[in-house]
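Novice: Here you go, one structure.
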Amino acid sequence: MVADIPHPQIELSGIYTAYMGAELPVIRDLSLNIGKGEFVMVGGPNGAGKTTLLETINGMLYITHGSARVCGLDVTKQGVEVRKRTGYVIQSFAFDPLTPFTVEHVVMMGRYGILGCFRNPSEPDYRAAEEAMRMLDLEDLAEKPIGTLSGGQQQKVLIAQNLAKKPDIMLLDEPFSNLDLCTREFVSGVLEDISSQGCTVCMVSHAFDALPDKDLRIVVMDEGCIRLNTICHSSEVEDTIRRMTVVS
Ligand SMILES: Nc1ncnc2c1ncn2[C@@H]1O[C@H](COP(=O)(O)OP(=O)(O)OP(=O)(O)O)[C@@H](O)[C@H]1O
């Protein structure tokens, strides 16, 4: 276990999270503190509750017991505010080939949640969207219809969309799943940059070959609980997670 964080940005204490209509909670008595700007890898076997953890932090799921504070906000009461400050790249999303939006439209959608209803984007919104596209090297694709892009290109657009929000926390569910090694390294570098600028990065991933060359927090889950919460160098992440998830 790792030392306490004096002012955690994500503060979960004894939480239980249930899906609507489900008899039992998926996450059970889970406590986790994450500090501002940390780079966190969440691992564990299929069905361990990793996505459920991200969606709990984001205020998308029903927390039946315990306390959850994110950016100083009570997740159960201020979920909308939490989501304005949080980017969330969901797992394996693919656009319909006929989706009528271009890449720049889709990236700009990242601004609409914080803009509010019936307000047109203004200069700072266009700037944020352009910067996000530049960071992900998408400028040449800006006017292409999103549905005509490859899976990996669409994945980069979704990351850019969330970066355009300028989030305090970036949650990513298997962001590397469609990416080749070179692109994984590139995206990992972008995530490392935003984390060193103070954005907390919390990533679920089964791919360990393109992590930033530094110490990361590793959270290993199983059956809705945290089995390990430690800090180790990225080169040790795969072994650490493998040791914890080996079938006995
Ligand atoms: N919408 C839902 N309604 C009810 N139960 C759900 C729902 N989504 C997930 N679950 C259940 O919650 C548990 C944890 O699922 P979750 O998607 O969080 O796992 P995971 O660790 O992200 O798995 P994977 O690595 O396969 O993506 C599973 O038992 C799953 O069946």
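By order in the structure tokens, chains are A, B, ...; within a chain, residues start at 1; ligands start at 1, following the order shown.
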Please check which protein, DNA or RNA residues sit within 10 Å of ligand 1, counting only C-alpha atoms and all ligand atoms, and write them as a PyMOL selection string.

Specialist: chain A and resi 17-27+42-56+61+91-92+173-174+204-206+220-224

Novice: The selected residues should be written to file as an mmCIF file, in the first residue's frame (atoms: C-alpha atoms).

Specialist:
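In the end it all went to selection.cif:
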```cif
data_model
loop_
_atom_site.group_PDB
_atom_site.id
_atom_site.type_symbol
_atom_site.label_atom_id
_atom_site.label_comp_id
_atom_site.auth_asym_id
_atom_site.auth_seq_id
_atom_site.Cartn_x
_atom_site.Cartn_y
_atom_site.Cartn_z
ATOM 1 C CA THR A 17 -21.864 0.843 -6.801
ATOM 2 C CA ALA A 18 -24.827 -0.943 -8.345
ATOM 3 C CA TYR A 19 -26.273 -1.034 -11.858
ATOM 4 C CA MET A 20 -29.973 -0.162 -12.171
ATOM 5 C CA GLY A 21 -32.096 -3.241 -11.594
ATOM 6 C CA ALA A 22 -29.163 -5.404 -10.461
ATOM 7 C CA GLU A 23 -29.580 -7.281 -7.209
ATOM 8 C CA LEU A 24 -25.998 -6.934 -5.968
ATOM 9 C CA PRO A 25 -23.492 -4.083 -6.180
ATOM 10 C CA VAL A 26 -20.580 -4.565 -8.596
ATOM 11 C CA ILE A 27 -18.140 -2.447 -6.581
ATOM 12 C CA VAL A 42 -6.153 0.259 -13.586
ATOM 13 C CA GLY A 43 -5.717 -3.437 -14.335
ATOM 14 C CA GLY A 44 -7.362 -6.726 -13.521
ATOM 15 C CA PRO A 45 -9.231 -9.533 -15.271
ATOM 16 C CA ASN A 46 -12.318 -9.174 -17.453
ATOM 17 C CA GLY A 47 -15.360 -8.356 -15.378
ATOM 18 C CA ALA A 48 -13.270 -7.123 -12.422
ATOM 19 C CA GLY A 49 -15.142 -3.806 -12.298
ATOM 20 C CA LYS A 50 -12.624 -1.492 -13.996
ATOM 21 C CA THR A 51 -15.149 0.247 -16.266
ATOM 22 C CA THR A 52 -17.558 0.407 -13.351
ATOM 23 C CA LEU A 53 -14.867 2.186 -11.326
ATOM 24 C CA LEU A 54 -14.337 4.821 -14.068
ATOM 25 C CA GLU A 55 -18.091 5.394 -14.387
ATOM 26 C CA THR A 56 -18.403 5.657 -10.608
ATOM 27 C CA LEU A 61 -23.603 5.096 -11.752
ATOM 28 C CA GLN A 91 -14.235 1.456 -24.471
ATOM 29 C CA SER A 92 -14.464 0.254 -28.095
ATOM 30 C CA ASP A 173 -11.137 2.833 -20.943
ATOM 31 C CA GLU A 174 -8.743 0.760 -23.073
ATOM 32 C CA VAL A 204 -7.834 1.081 -17.834
ATOM 33 C CA SER A 205 -5.607 -0.939 -20.119
ATOM 34 C CA HIS A 206 -4.444 -4.455 -20.925
ATOM 35 C CA VAL A 220 -5.430 -3.911 -9.616
ATOM 36 C CA MET A 221 -9.080 -4.886 -9.274
ATOM 37 C CA ASP A 222 -10.875 -8.184 -8.953
ATOM 38 C CA GLU A 223 -14.522 -8.950 -8.171
ATOM 39 C CA GLY A 224 -15.317 -5.293 -7.584
#
```

Novice: For the structure I just gave you, how does DSSP split range 130-234 of chain A - specifically, which residues are helix (DSSP H, G or I)? Reply as an NGL selection string.

Specialist: :A and (130-135 or 139-141 or 146-148 or 151-163 or 181-196 or 234)

Novice: So, with only C-alpha atoms as the atoms that count, which of A:Ile218, A:Leu172, A:Val82, A:Ile10 lies closest to Val201 in chain A?

Specialist: A:Leu172

Novice: Neighbours of range 98-105 of chain A within 6 Å (only C-alpha atoms; same-chain residues fewer than 5 positions away dropped), as a PyMOL selection string?

Specialist: chain A and resi 142-147

Novice: Export, as a PDB file, in the first residue's frame, the selected residues with C-alpha atoms.

Specialist:
```pdb
ATOM      1  CA  ALA A 142     -10.230  17.720 -39.825  1.00  0.00           C
ATOM      2  CA  GLU A 143     -12.717  17.839 -42.707  1.00  0.00           C
ATOM      3  CA  LYS A 144     -13.146  14.102 -43.181  1.00  0.00           C
ATOM      4  CA  PRO A 145     -16.455  12.481 -42.168  1.00  0.00           C
ATOM      5  CA  ILE A 146     -15.749  10.637 -38.913  1.00  0.00           C
ATOM      6  CA  GLY A 147     -17.388   7.405 -40.118  1.00  0.00           C
TER       7      GLY A 147
END
```

Novice: Report as a PyMOL selection string all protein, DNA and RNA residues lying within 6 Å of range 152-165 of chain A, evaluated on only C-alpha atoms, omitting residues in the same chain fewer than 2 positions from it.

Specialist: chain A and resi 87+107+110-111+128-129+132-133+149-150+167+178-179

Novice: Which residues, written as an MDAnalysis selection string, have at least one atom at most 10 Å from Phe39 in chain A, with only C-alpha atoms counted and residues fewer than 2 positions away on the same chain left out?

Specialist: chainID A and resid 34:37 41 170 191:192 194:196 198:203 212 214:218 231

Novice: Report, in Å with one decimal, the straight-line distance from CA of Ala94 in chain A to CA of Asp180 in chain A.

Specialist: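 Taking CA of Ala94 in chain A as the start and CA of Asp180 in chain A as the end point, the length is 16.8 Å.
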
Novice: Please determine, counting only C-alpha atoms, which residue among A:Leu12, A:Gly72, A:His7, A:Pro175 has the shortest atom-to-atom distance to Val89 in chain A.

Specialist: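 Checking each candidate against Val89 in chain A, we get A:Pro175 as the closest.
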
Novice: Which of these, A:Val190, A:Gly151, A:Pro124, A:Gly79, has the shortest distance to Pro97 in chain A once you count only C-alpha atoms?

Specialist: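 Using only C-alpha atoms, Pro97 in chain A sits closest to A:Gly151.
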
Novice: Using only C-alpha atoms, find the one residue out of A:Val40, A:Pro121, A:Ser31, A:Val75 that sits nearest to His233 in chain A.

Specialist: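 Closest candidate: A:Val40.
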
Novice: What is the distance, in Å and to one decimal place, between CA of Pro8 in chain A and CA of Glu38 in chain A?

Specialist: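 So the two atoms, CA of Pro8 in chain A and CA of Glu38 in chain A, lie 10.1 Å apart.
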
Novice: What does the distance between CA of Ala210 in chain A and CA of Leu136 in chain A come to in Å, to one decimal place?

Specialist: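 Result for CA of Ala210 in chain A versus CA of Leu136 in chain A: 15.9 Å, one decimal.
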
Novice: Can you list, as a list of chain:residue names, every residue of range 137-243 of chain A that DSSP puts in strand (DSSP E)?

Specialist: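 Here are the strand (DSSP E) residues of range 137-243 of chain A: A:Ile169, A:Met170, A:Leu171, A:Leu172, A:Asp173, A:Thr200, A:Val201, A:Cys202, A:Met203, A:Val204, A:Asp215, A:Leu216, A:Arg217, A:Ile218, A:Val219, A:Val220, A:Met221, A:Asp222, A:Cys225, A:Ile226, A:Arg227, A:Leu228, A:Asn229, A:Thr230, A:Ile231, A:Cys232, A:His233.
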
Novice: Mind writing the picked residues with C-alpha atoms as a JSON list (two decimals), in the first residue's frame?

Specialist:
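This is the output file out06.json:
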```json
[["chain", "number", "residue", "atom", "x", "y", "z"],
["A", 169, "ILE", "CA", -9.28, 14.45, -14.90],
["A", 170, "MET", "CA", -9.01, 12.21, -17.95],
["A", 171, "LEU", "CA", -10.60, 8.76, -17.65],
["A", 172, "LEU", "CA", -9.77, 6.34, -20.46],
["A", 173, "ASP", "CA", -11.14, 2.83, -20.94],
["A", 200, "THR", "CA", -4.98, 13.45, -13.57],
["A", 201, "VAL", "CA", -4.91, 10.48, -15.96],
["A", 202, "CYS", "CA", -6.72, 7.31, -14.94],
["A", 203, "MET", "CA", -6.51, 4.62, -17.59],
["A", 204, "VAL", "CA", -7.83, 1.08, -17.83],
["A", 215, "ASP", "CA", 6.59, 5.85, -11.82],
["A", 216, "LEU", "CA", 2.84, 5.24, -12.09],
["A", 217, "ARG", "CA", 0.14, 4.31, -9.64],
["A", 218, "ILE", "CA", -1.14, 0.80, -10.29],
["A", 219, "VAL", "CA", -4.58, -0.25, -9.13],
["A", 220, "VAL", "CA", -5.43, -3.91, -9.62],
["A", 221, "MET", "CA", -9.08, -4.89, -9.27],
["A", 222, "ASP", "CA", -10.87, -8.18, -8.95],
["A", 225, "CYS", "CA", -12.57, -4.78, -5.00],
["A", 226, "ILE", "CA", -9.04, -3.35, -5.10],
["A", 227, "ARG", "CA", -6.47, -6.12, -4.70],
["A", 228, "LEU", "CA", -3.42, -3.87, -5.04],
["A", 229, "ASN", "CA", -2.79, -0.14, -4.93],
["A", 230, "THR", "CA", 0.87, 0.70, -5.30],
["A", 231, "ILE", "CA", 3.37, 2.86, -7.14],
["A", 232, "CYS", "CA", 5.92, 1.29, -9.44],
["A", 233, "HIS", "CA", 7.96, 2.12, -12.52]]
```
